[in-house]
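Asker: Contents of data25.csv (CSV, C-alpha atoms):
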```csv
chain,number,residue,atom,x,y,z
A,1017,MET,CA,-1.0,48.8,-32.6
A,1018,ASN,CA,0.5,47.5,-35.8
A,1019,THR,CA,2.6,45.1,-33.9
A,1020,GLU,CA,-0.5,43.8,-32.1
A,1021,LYS,CA,-2.2,43.3,-35.5
A,1022,MET,CA,0.8,41.4,-36.8
A,1023,LYS,CA,0.9,39.2,-33.7
A,1024,LEU,CA,-2.9,38.6,-33.9
A,1025,ASP,CA,-2.7,37.8,-37.7
A,1026,GLU,CA,-0.3,35.0,-36.8
A,1027,LEU,CA,-2.9,33.5,-34.6
A,1028,TYR,CA,-6.1,34.4,-36.5
A,1029,PRO,CA,-5.6,34.1,-40.2
A,1030,GLU,CA,-9.1,35.3,-40.9
A,1031,ARG,CA,-9.9,37.2,-44.0
A,1032,ASP,CA,-13.5,38.5,-44.0
A,1033,ALA,CA,-14.2,42.1,-43.2
A,1034,ALA,CA,-16.2,41.5,-40.0
A,1035,SER,CA,-13.4,39.4,-38.5
A,1036,ARG,CA,-10.8,42.0,-39.6
A,1037,ARG,CA,-12.8,44.7,-37.9
A,1038,ASP,CA,-13.1,42.5,-34.8
A,1039,LEU,CA,-9.4,41.9,-34.7
A,1040,GLU,CA,-8.7,45.6,-35.1
A,1041,VAL,CA,-10.8,46.3,-32.0
A,1042,LEU,CA,-9.0,43.5,-30.2
A,1043,ALA,CA,-5.6,44.8,-31.3
A,1044,ASN,CA,-6.5,48.3,-30.2
A,1045,SER,CA,-7.7,47.2,-26.8
A,1046,ILE,CA,-4.5,45.2,-26.2
A,1047,SER,CA,-2.4,48.1,-27.3
A,1048,GLN,CA,-4.2,50.4,-24.9
A,1049,PHE,CA,-3.9,47.8,-22.1
A,1050,ARG,CA,-0.2,47.5,-22.6
A,1051,ALA,CA,0.2,51.3,-22.6
A,1052,ALA,CA,-1.9,51.5,-19.4
A,1053,VAL,CA,0.3,48.8,-17.7
A,1054,HIS,CA,3.5,50.5,-18.7
A,1055,HIS,CA,2.2,53.8,-17.4
A,1056,ILE,CA,1.0,52.5,-14.1
A,1057,ALA,CA,4.2,50.6,-13.6
A,1058,SER,CA,6.3,53.7,-14.3
A,1059,GLN,CA,4.1,55.9,-12.0
A,1060,GLY,CA,5.0,53.9,-8.9
A,1061,GLU,CA,8.7,53.6,-9.7
A,1062,PRO,CA,10.9,55.4,-7.2
A,1063,ALA,CA,13.2,58.0,-8.7
A,1064,GLN,CA,16.3,56.3,-7.4
A,1065,VAL,CA,16.5,52.5,-7.9
A,1066,ALA,CA,19.7,51.8,-6.1
A,1067,TRP,CA,20.2,48.2,-5.1
A,1068,GLN,CA,19.4,48.0,-1.4
A,1069,LEU,CA,20.5,44.5,-0.6
A,1070,GLU,CA,20.3,44.8,3.2
A,1071,GLN,CA,16.8,46.2,3.0
A,1072,ALA,CA,15.7,43.4,0.7
A,1073,ARG,CA,17.2,40.8,3.1
A,1074,GLN,CA,15.5,42.4,6.1
A,1075,ARG,CA,12.2,42.4,4.3
A,1076,ARG,CA,12.6,38.8,3.3
A,1077,ARG,CA,13.4,37.8,6.9
A,1078,SER,CA,10.4,39.7,8.3
A,1079,VAL,CA,8.1,38.1,5.6
A,1080,ARG,CA,9.3,34.7,6.7
A,1081,ARG,CA,8.8,35.5,10.4
A,1082,ARG,CA,5.3,36.8,9.6
A,1083,LEU,CA,4.5,33.7,7.6
A,1084,VAL,CA,5.6,31.4,10.5
A,1085,LEU,CA,3.6,33.5,12.9
A,1086,GLU,CA,0.5,33.4,10.7
A,1087,TRP,CA,0.8,29.6,10.3
A,1088,ALA,CA,1.2,29.3,14.1
A,1089,MET,CA,-1.8,31.5,14.7
A,1090,ALA,CA,-3.8,29.5,12.2
A,1091,ALA,CA,-2.8,26.2,13.8
A,1092,VAL,CA,-3.8,27.5,17.3
A,1093,THR,CA,-7.1,28.8,16.0
A,1094,ALA,CA,-7.8,25.4,14.3
A,1095,ILE,CA,-7.0,23.6,17.5
A,1096,VAL,CA,-9.2,25.9,19.6
A,1097,LEU,CA,-12.0,25.4,17.1
A,1098,CYS,CA,-11.6,21.7,17.0
A,1099,ALA,CA,-11.6,21.6,20.8
A,1100,ALA,CA,-14.7,23.7,20.9
A,1101,ALA,CA,-16.4,21.4,18.5
A,1102,VAL,CA,-15.2,18.1,20.2
A,1103,VAL,CA,-15.9,19.0,23.9
A,1104,PRO,CA,-19.6,19.4,23.6
A,1105,THR,CA,-19.8,16.3,21.4
A,1106,VAL,CA,-18.0,14.3,24.1
A,1107,ASN,CA,-20.2,15.7,26.8
A,1108,SER,CA,-23.4,15.0,24.9
A,1109,HIS,CA,-22.1,11.5,24.2
A,1110,ARG,CA,-21.5,11.0,28.0
A,1111,GLU,CA,-24.9,12.3,28.8
A,1112,HIS,CA,-26.4,10.0,26.2
A,1113,VAL,CA,-24.6,7.0,27.7
A,1114,ALA,CA,-25.7,7.9,31.3
A,1115,GLN,CA,-29.3,8.3,30.1
A,1116,LEU,CA,-29.2,4.9,28.4
A,1117,GLN,CA,-27.8,3.3,31.6
A,1118,ALA,CA,-30.5,4.9,33.7
A,1119,GLN,CA,-33.1,3.7,31.3
A,1120,ARG,CA,-31.7,0.2,31.3
A,1121,GLN,CA,-31.6,0.1,35.1
A,1122,ALA,CA,-35.2,1.3,35.3
A,1123,GLN,CA,-36.1,-1.4,32.8
A,1124,ILE,CA,-34.3,-4.0,35.0
A,1125,LEU,CA,-36.1,-2.8,38.1
A,1126,LYS,CA,-39.4,-2.9,36.4
A,1127,GLN,CA,-38.7,-6.4,35.1
A,1128,ARG,CA,-37.8,-7.5,38.6
A,1129,GLU,CA,-40.9,-6.1,40.0
A,1130,ALA,CA,-43.0,-7.8,37.3
A,1131,ASP,CA,-41.2,-11.1,38.0
A,1132,SER,CA,-41.7,-10.9,41.7
A,1133,ALA,CA,-45.3,-10.0,41.2
A,1134,LEU,CA,-45.7,-13.1,38.9
A,1135,LEU,CA,-43.9,-15.3,41.4
A,1136,ASP,CA,-46.2,-14.0,44.2
A,1137,GLN,CA,-49.2,-14.7,42.0
A,1138,VAL,CA,-48.0,-18.2,41.2
A,1139,THR,CA,-47.2,-18.9,44.9
A,1140,SER,CA,-50.5,-17.6,46.1
A,1141,GLU,CA,-52.4,-19.7,43.4
A,1142,LEU,CA,-50.4,-22.8,44.2
A,1143,SER,CA,-50.9,-22.5,48.0
A,1144,GLU,CA,-54.6,-22.5,47.8
A,1145,ALA,CA,-56.4,-24.8,50.2
A,1146,VAL,CA,-57.1,-28.3,48.8
A,1147,PRO,CA,-60.8,-28.9,48.2
A,1148,ASP,CA,-62.6,-31.4,50.5
A,1149,SER,CA,-63.2,-33.8,47.6
A,1150,MET,CA,-59.4,-33.9,46.9
A,1151,GLN,CA,-58.4,-34.3,50.6
A,1152,PRO,CA,-57.8,-38.1,50.4
A,1153,LEU,CA,-55.6,-37.7,47.4
A,1154,ALA,CA,-53.7,-35.0,49.2
A,1155,GLU,CA,-53.2,-37.2,52.2
A,1156,MET,CA,-52.0,-40.0,50.0
A,1157,GLY,CA,-49.5,-37.6,48.4
A,1158,ALA,CA,-48.3,-36.6,51.8
A,1159,ASP,CA,-48.0,-40.2,52.9
A,1160,HIS,CA,-46.1,-41.0,49.7
A,1161,VAL,CA,-43.8,-38.1,50.3
A,1162,SER,CA,-43.2,-39.1,53.9
A,1163,TYR,CA,-42.6,-42.7,52.8
A,1164,GLN,CA,-40.1,-41.6,50.3
A,1165,SER,CA,-38.2,-39.4,52.7
A,1166,THR,CA,-38.3,-42.3,55.4
A,1167,ALA,CA,-37.0,-44.7,52.8
A,1168,GLY,CA,-34.3,-42.3,51.7
A,1169,GLU,CA,-33.1,-41.9,55.3
A,1170,THR,CA,-33.0,-45.7,55.9
A,1171,GLU,CA,-31.0,-46.1,52.8
A,1172,LYS,CA,-28.6,-43.4,54.0
A,1173,ASN,CA,-28.2,-45.0,57.4
A,1174,ASN,CA,-27.6,-48.4,55.8
A,1175,GLY,CA,-25.0,-46.8,53.6
A,1176,ARG,CA,-23.2,-45.4,56.7
A,1177,ASN,CA,-23.3,-48.6,58.5
B,1107,MET,CA,34.0,26.7,-40.0
B,1108,GLU,CA,30.6,28.4,-39.7
B,1109,GLN,CA,29.8,26.1,-36.8
B,1110,THR,CA,33.0,27.1,-35.0
B,1111,ALA,CA,32.1,30.8,-35.5
B,1112,ALA,CA,28.6,30.2,-34.2
B,1113,SER,CA,29.8,28.4,-31.1
B,1114,GLU,CA,32.4,31.1,-30.5
B,1115,LEU,CA,29.6,33.7,-30.7
B,1116,THR,CA,27.4,31.8,-28.3
B,1117,GLN,CA,30.3,31.5,-25.9
B,1118,LEU,CA,31.0,35.2,-26.2
B,1119,ALA,CA,27.3,36.0,-25.5
B,1120,ARG,CA,27.4,33.7,-22.4
B,1121,GLU,CA,30.5,35.4,-21.2
B,1122,GLN,CA,29.0,38.8,-21.7
B,1123,ALA,CA,25.8,37.8,-19.9
B,1124,VAL,CA,27.9,36.5,-17.0
B,1125,LEU,CA,30.0,39.6,-17.0
B,1126,GLY,CA,26.8,41.7,-17.0
B,1127,LEU,CA,26.0,40.4,-13.6
B,1128,ALA,CA,29.3,41.8,-12.2
B,1129,ASP,CA,27.7,45.3,-11.9
B,1130,PHE,CA,24.6,44.4,-10.1
B,1131,ASP,CA,23.4,48.0,-9.7
B,1132,GLU,CA,23.3,48.3,-13.4
B,1133,VAL,CA,21.4,45.0,-13.8
B,1134,VAL,CA,18.8,46.3,-11.3
B,1135,ARG,CA,18.6,49.6,-13.1
B,1136,LEU,CA,18.2,48.0,-16.5
B,1137,TYR,CA,15.8,45.2,-15.7
B,1138,ARG,CA,13.8,46.4,-12.7
B,1139,PRO,CA,11.0,48.1,-14.8
B,1140,ARG,CA,10.4,45.0,-16.9
B,1141,VAL,CA,10.3,42.7,-13.9
B,1142,PHE,CA,8.1,45.1,-11.9
B,1143,ARG,CA,5.7,45.5,-14.9
B,1144,PHE,CA,5.4,41.7,-15.4
B,1145,LEU,CA,4.8,41.2,-11.7
B,1146,LEU,CA,2.2,44.1,-11.5
B,1147,ALA,CA,0.3,42.8,-14.5
B,1148,SER,CA,0.4,39.2,-13.1
B,1149,LEU,CA,-0.6,40.0,-9.5
B,1150,ARG,CA,-2.6,43.2,-10.0
B,1151,ASP,CA,-1.2,44.3,-6.6
B,1152,ARG,CA,1.3,47.1,-6.4
B,1153,ASP,CA,2.7,46.3,-2.9
B,1154,ALA,CA,3.1,42.6,-3.8
B,1155,ALA,CA,4.7,43.5,-7.1
B,1156,GLU,CA,7.2,45.8,-5.4
B,1157,ASN,CA,8.1,43.2,-2.7
B,1158,LEU,CA,8.4,40.4,-5.3
B,1159,THR,CA,10.6,42.6,-7.5
B,1160,GLN,CA,13.0,43.1,-4.5
B,1161,ASP,CA,12.8,39.3,-3.9
B,1162,CYS,CA,13.6,38.6,-7.5
B,1163,PHE,CA,16.7,40.7,-7.5
B,1164,LEU,CA,17.7,39.3,-4.1
B,1165,LYS,CA,17.4,35.8,-5.4
B,1166,ALA,CA,19.3,36.8,-8.6
B,1167,TYR,CA,22.1,38.3,-6.4
B,1168,MET,CA,22.3,35.3,-4.2
B,1169,GLY,CA,22.3,32.9,-7.1
B,1170,ARG,CA,24.5,34.9,-9.5
B,1171,GLU,CA,27.3,32.4,-9.2
B,1172,HIS,CA,25.0,29.7,-10.7
B,1173,PHE,CA,24.2,31.8,-13.7
B,1174,ARG,CA,26.0,30.2,-16.6
B,1175,GLY,CA,24.7,32.4,-19.4
B,1176,ASP,CA,22.7,29.6,-21.1
B,1177,SER,CA,19.9,32.1,-21.5
B,1178,SER,CA,19.9,35.9,-21.6
B,1179,LEU,CA,20.0,37.8,-18.3
B,1180,SER,CA,16.6,39.1,-19.0
B,1181,THR,CA,15.1,35.6,-19.5
B,1182,TRP,CA,16.9,34.4,-16.4
B,1183,LEU,CA,15.4,37.2,-14.3
B,1184,MET,CA,12.0,36.8,-15.8
B,1185,LYS,CA,12.2,33.1,-15.0
B,1186,ILE,CA,12.9,33.9,-11.3
B,1187,ALA,CA,10.0,36.4,-11.4
B,1188,MET,CA,7.6,33.8,-12.8
B,1189,ASN,CA,8.6,31.3,-10.1
B,1190,LEU,CA,8.0,34.0,-7.5
B,1191,VAL,CA,4.5,34.7,-8.9
B,1192,ARG,CA,3.7,31.0,-8.8
B,1193,ASP,CA,4.9,30.7,-5.2
B,1194,HIS,CA,3.1,33.8,-4.2
B,1195,LEU,CA,-0.2,32.7,-5.7
B,1196,ARG,CA,0.2,29.3,-4.1
B,1197,SER,CA,0.9,30.7,-0.6
B,1198,LYS,CA,-2.0,33.2,-1.0
B,1199,ARG,CA,-4.3,30.3,-1.8
B,1200,LEU,CA,-3.1,28.4,1.3
B,1201,ARG,CA,-3.3,31.5,3.5
B,1202,PHE,CA,-7.0,31.8,3.0
B,1203,TRP,CA,-7.4,33.7,6.3
B,1204,THR,CA,-5.3,36.7,5.0
B,1205,LYS,CA,-7.6,39.5,3.9
B,1206,THR,CA,-7.5,41.0,0.4
B,1207,ARG,CA,-4.8,43.6,0.2
B,1208,GLU,CA,-5.9,47.2,-0.2
B,1209,SER,CA,-3.2,47.9,-2.7
B,1210,ALA,CA,-4.9,45.6,-5.3
B,1211,LEU,CA,-5.5,47.5,-8.5
B,1212,ASP,CA,-9.1,48.1,-9.6
B,1213,PRO,CA,-9.9,47.8,-13.3
B,1214,VAL,CA,-11.6,51.2,-13.0
B,1215,ASP,CA,-8.4,52.8,-11.7
B,1216,VAL,CA,-6.4,51.2,-14.4
B,1217,SER,CA,-8.7,52.5,-17.1
B,1218,ASP,CA,-8.4,56.0,-15.6
B,1219,TRP,CA,-5.3,56.4,-17.6
B,1220,VAL,CA,-5.8,56.1,-21.4
B,1221,PRO,CA,-2.7,56.2,-23.6
B,1222,ASP,CA,-3.2,59.1,-25.9
B,1223,GLY,CA,-5.6,62.1,-26.2
B,1224,ARG,CA,-8.8,61.0,-27.8
B,1225,SER,CA,-10.6,63.0,-30.4
B,1226,SER,CA,-13.9,63.0,-28.5
B,1227,PRO,CA,-15.1,62.1,-25.0
B,1228,GLU,CA,-17.0,59.2,-26.5
B,1229,ALA,CA,-13.8,57.8,-28.0
B,1230,GLU,CA,-12.1,58.2,-24.6
B,1231,LEU,CA,-14.9,56.4,-22.9
B,1232,VAL,CA,-14.8,53.5,-25.3
B,1233,ALA,CA,-11.0,53.3,-24.8
B,1234,ARG,CA,-11.4,53.3,-21.0
B,1235,THR,CA,-14.0,50.6,-21.2
B,1236,GLN,CA,-11.8,48.5,-23.5
B,1237,VAL,CA,-8.8,48.8,-21.1
B,1238,ALA,CA,-11.0,47.9,-18.1
B,1239,HIS,CA,-12.4,44.9,-20.0
B,1240,VAL,CA,-9.0,43.6,-20.9
B,1241,TRP,CA,-7.7,44.1,-17.4
B,1242,LYS,CA,-10.6,42.3,-15.9
B,1243,THR,CA,-10.4,39.4,-18.4
B,1244,VAL,CA,-6.7,39.1,-17.9
B,1245,SER,CA,-7.2,39.0,-14.1
B,1246,ASP,CA,-9.6,36.1,-14.5
B,1247,LEU,CA,-7.4,34.0,-16.7
B,1248,PRO,CA,-5.7,30.9,-15.4
B,1249,ALA,CA,-2.1,31.6,-14.2
B,1250,LYS,CA,-0.3,30.1,-17.2
B,1251,GLN,CA,-2.5,31.8,-19.8
B,1252,ARG,CA,-2.1,35.1,-18.0
B,1253,SER,CA,1.7,34.8,-17.8
B,1254,VAL,CA,1.9,33.9,-21.5
B,1255,PHE,CA,-0.5,36.8,-22.4
B,1256,VAL,CA,1.4,39.3,-20.4
B,1257,LEU,CA,4.8,38.2,-21.7
B,1258,ARG,CA,3.6,38.3,-25.3
B,1259,PHE,CA,1.5,41.5,-25.3
B,1260,VAL,CA,2.9,43.6,-22.4
B,1261,GLU,CA,6.5,42.6,-22.6
B,1262,GLU,CA,6.4,41.9,-26.3
B,1263,MET,CA,8.5,38.7,-26.1
B,1264,GLU,CA,8.8,36.2,-28.9
B,1265,LEU,CA,7.0,32.9,-28.6
B,1266,LYS,CA,10.4,31.1,-28.6
B,1267,GLU,CA,11.6,33.2,-25.7
B,1268,ILE,CA,8.3,32.6,-23.8
B,1269,ALA,CA,8.7,28.9,-24.4
B,1270,GLU,CA,12.3,29.0,-23.0
B,1271,LEU,CA,11.2,31.1,-20.0
B,1272,THR,CA,8.2,29.0,-19.1
B,1273,GLY,CA,9.7,25.6,-19.9
B,1274,MET,CA,6.8,24.8,-22.2
B,1275,ASN,CA,7.1,23.9,-25.8
B,1276,PRO,CA,6.2,26.5,-28.4
B,1277,SER,CA,3.0,24.8,-29.5
B,1278,THR,CA,1.8,24.7,-25.8
B,1279,VAL,CA,2.7,28.4,-25.5
B,1280,LYS,CA,0.7,29.1,-28.7
B,1281,THR,CA,-2.3,27.1,-27.3
B,1282,HIS,CA,-2.3,29.1,-24.0
B,1283,LEU,CA,-2.0,32.3,-26.0
B,1284,TYR,CA,-4.8,31.4,-28.3
B,1285,ARG,CA,-7.1,30.6,-25.3
B,1286,ALA,CA,-6.1,33.8,-23.5
B,1287,LEU,CA,-6.9,35.8,-26.6
B,1288,ALA,CA,-10.2,34.1,-27.1
B,1289,ALA,CA,-11.2,35.1,-23.6
B,1290,VAL,CA,-9.9,38.7,-24.1
B,1291,ARG,CA,-11.7,38.9,-27.4
B,1292,GLU,CA,-14.9,37.8,-25.8
B,1293,GLY,CA,-14.3,40.2,-23.0
B,1294,VAL,CA,-13.9,43.2,-25.3
B,1295,GLY,CA,-17.1,42.2,-27.1
B,1296,GLY,CA,-15.7,40.5,-30.2
B,1297,LYS,CA,-16.8,37.1,-31.5
B,1298,GLN,CA,-15.1,33.9,-30.4
```
Any chance you could put this one into structure tokens?
Answerer:
Amino acid sequence: MNTEKMKLDELYPERDAASRRDLEVLANSISQFRAAVHHIASQGEPAQVAWQLEQARQRRRSVRRRLVLEWAMAAVTAIVLCAAAVVPTVNSHREHVAQLQAQRQAQILKQREADSALLDQVTSELSEAVPDSMQPLAEMGADHVSYQSTAGETEKNNGRN
Amino acid sequence: MEQTAASELTQLAREQAVLGLADFDEVVRLYRPRVFRFLLASLRDRDAAENLTQDCFLKAYMGREHFRGDSSLSTWLMKIAMNLVRDHLRSKRLRFWTKTRESALDPVDVSDWVPDGRSSPEAELVARTQVAHVWKTVSDLPAKQRSVFVLRFVEEMELKEIAELTGMNPSTVKTHLYRALAAVREGVGGKQ
């Protein structure tokens, strides 16, 4: 314990009584700790400490083998876990894409239906019968159209000739 | 003249240290307790300490041709032990899936043994509590602080020797020791 006090005095040059008492407790604790470690270490020591080189080598080899195996196992486990995490993600992504495509196609179909309905509406509104009061104008328009088409045909024939 | 004598003495010490390795059984017999104690206090695991003690001497045996006697045999072996502790802790951290070993020493078991017979049961209880507190605090210290503390207070090595062994400069060793002591002091109930 005195050696502990000397060692501690080097580090803690404190002089007041409280600090000294405190240091004494610390020195005492460390001294007991050292004694306990020495005792525990000596307890487990085999009676004969002959140098067993081959045994040490074998142990080292087996430790290395075990280490390699442990790492391999850990790698396999990690791969399995990753795969387990990735596969559902991929599947859900695919499902999501398919769902989006179906929605888009439904939208396109709906749009087409709406367009055709609009076209039908326009066609039906445009093909309404011309009122009696507008009949002469309609005939004029028809004459004009037939004149234009006749004139066009004549020009074409002239061109051929 | 004095310089020549000193260098001759150093050379002689080196030769003796190198020659000391020739009888390896004797080396193991002499230094095994110290190496084992250091490993046990550093790792708090009896099985790991025993295995690493074997590893330490195996490494020393394999590398005995590289030993030039620049440091003492004891310092060289302790350096190997320290490196083994560092590697062991690193691999333990990486192998997080490995369960905690059952051979790990519990502070309560450690305090079951108290050095000398106490005058009263109360004094014995106080001593046990103190040992348990120190053990627990030392276990929680950062690796470098723990090594320096164990080398200084369990192995009773000089600061200079610790500096040589750890490769730190003496003032760094002192700083680590001071911090470790501050933690232990707090652990046993003293003021900071």
Asker: Quick one: distance from CA of Ala1043 in chain A to CA of Arg1285 in chain B in Å, one decimal?
Answerer: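 One can read the CA of Ala1043 in chain A to CA of Arg1285 in chain B distance as 15.5 Å.
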Asker: With a cut-off of 6 Å, could you pull out the residues of chain A touching chain B and give me the nearest pair of atoms for each, distance in Å to one decimal, using only C-alpha atoms, ordered by chain and ascending number, as a tab-separated table?
Answerer:
```
residue	atom	partner	partner_atom	distance
A:Asp1038	CA	B:Gly1296	CA	5.6
A:Ser1045	CA	B:Gln1236	CA	5.4
A:Phe1049	CA	B:Val1237	CA	5.1
A:Arg1050	CA	B:Val1260	CA	5.0
A:Ala1051	CA	B:Pro1221	CA	5.8
A:Ala1057	CA	B:Arg1143	CA	5.5
A:Trp1067	CA	B:Asp1131	CA	5.6
A:Ala1072	CA	B:Gln1160	CA	5.9
```
Asker: Quick one: distance from CA of Leu1190 in chain B to CA of Gly1169 in chain B in Å, one decimal?
Answerer: 14.3 Å
Asker: Can you list, as a VMD selection string, every protein, DNA or RNA residue that comes within 12 Å of Arg1192 in chain B when you count only C-alpha atoms, leaving out same-chain residues fewer than 2 positions away?
Answerer: chain B and resid 1145 1148 to 1149 1158 1185 to 1190 1194 to 1199 1248 to 1250 1252 to 1253 1272
Asker: Just to be explicit: take each residue in the selection above, keep C-alpha atoms, and write the result as a PDB file, in the frame of the given file.
Answerer:
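And here's selection-v7.pdb as it stands now:
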```pdb
ATOM      1  CA  LEU B1145       4.800  41.200 -11.700  1.00  0.00           C
ATOM      2  CA  SER B1148       0.400  39.200 -13.100  1.00  0.00           C
ATOM      3  CA  LEU B1149      -0.600  40.000  -9.500  1.00  0.00           C
ATOM      4  CA  LEU B1158       8.400  40.400  -5.300  1.00  0.00           C
ATOM      5  CA  LYS B1185      12.200  33.100 -15.000  1.00  0.00           C
ATOM      6  CA  ILE B1186      12.900  33.900 -11.300  1.00  0.00           C
ATOM      7  CA  ALA B1187      10.000  36.400 -11.400  1.00  0.00           C
ATOM      8  CA  MET B1188       7.600  33.800 -12.800  1.00  0.00           C
ATOM      9  CA  ASN B1189       8.600  31.300 -10.100  1.00  0.00           C
ATOM     10  CA  LEU B1190       8.000  34.000  -7.500  1.00  0.00           C
ATOM     11  CA  HIS B1194       3.100  33.800  -4.200  1.00  0.00           C
ATOM     12  CA  LEU B1195      -0.200  32.700  -5.700  1.00  0.00           C
ATOM     13  CA  ARG B1196       0.200  29.300  -4.100  1.00  0.00           C
ATOM     14  CA  SER B1197       0.900  30.700  -0.600  1.00  0.00           C
ATOM     15  CA  LYS B1198      -2.000  33.200  -1.000  1.00  0.00           C
ATOM     16  CA  ARG B1199      -4.300  30.300  -1.800  1.00  0.00           C
ATOM     17  CA  PRO B1248      -5.700  30.900 -15.400  1.00  0.00           C
ATOM     18  CA  ALA B1249      -2.100  31.600 -14.200  1.00  0.00           C
ATOM     19  CA  LYS B1250      -0.300  30.100 -17.200  1.00  0.00           C
ATOM     20  CA  ARG B1252      -2.100  35.100 -18.000  1.00  0.00           C
ATOM     21  CA  SER B1253       1.700  34.800 -17.800  1.00  0.00           C
ATOM     22  CA  THR B1272       8.200  29.000 -19.100  1.00  0.00           C
TER      23      THR B1272
END
```
Asker: Can you measure CA of Leu1271 in chain B to CA of Ser1047 in chain A for me? One decimal in Å is fine.
Answerer: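 Between CA of Leu1271 in chain B and CA of Ser1047 in chain A the gap works out to 23.0 Å.
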Asker: Neighbours of Pro1276 in chain B within 8 Å (all atoms listed in the file; same-chain residues fewer than 3 positions away dropped), as an MDAnalysis selection string?
Answerer: chainID B and resid 1265:1266 1268:1269 1279:1280
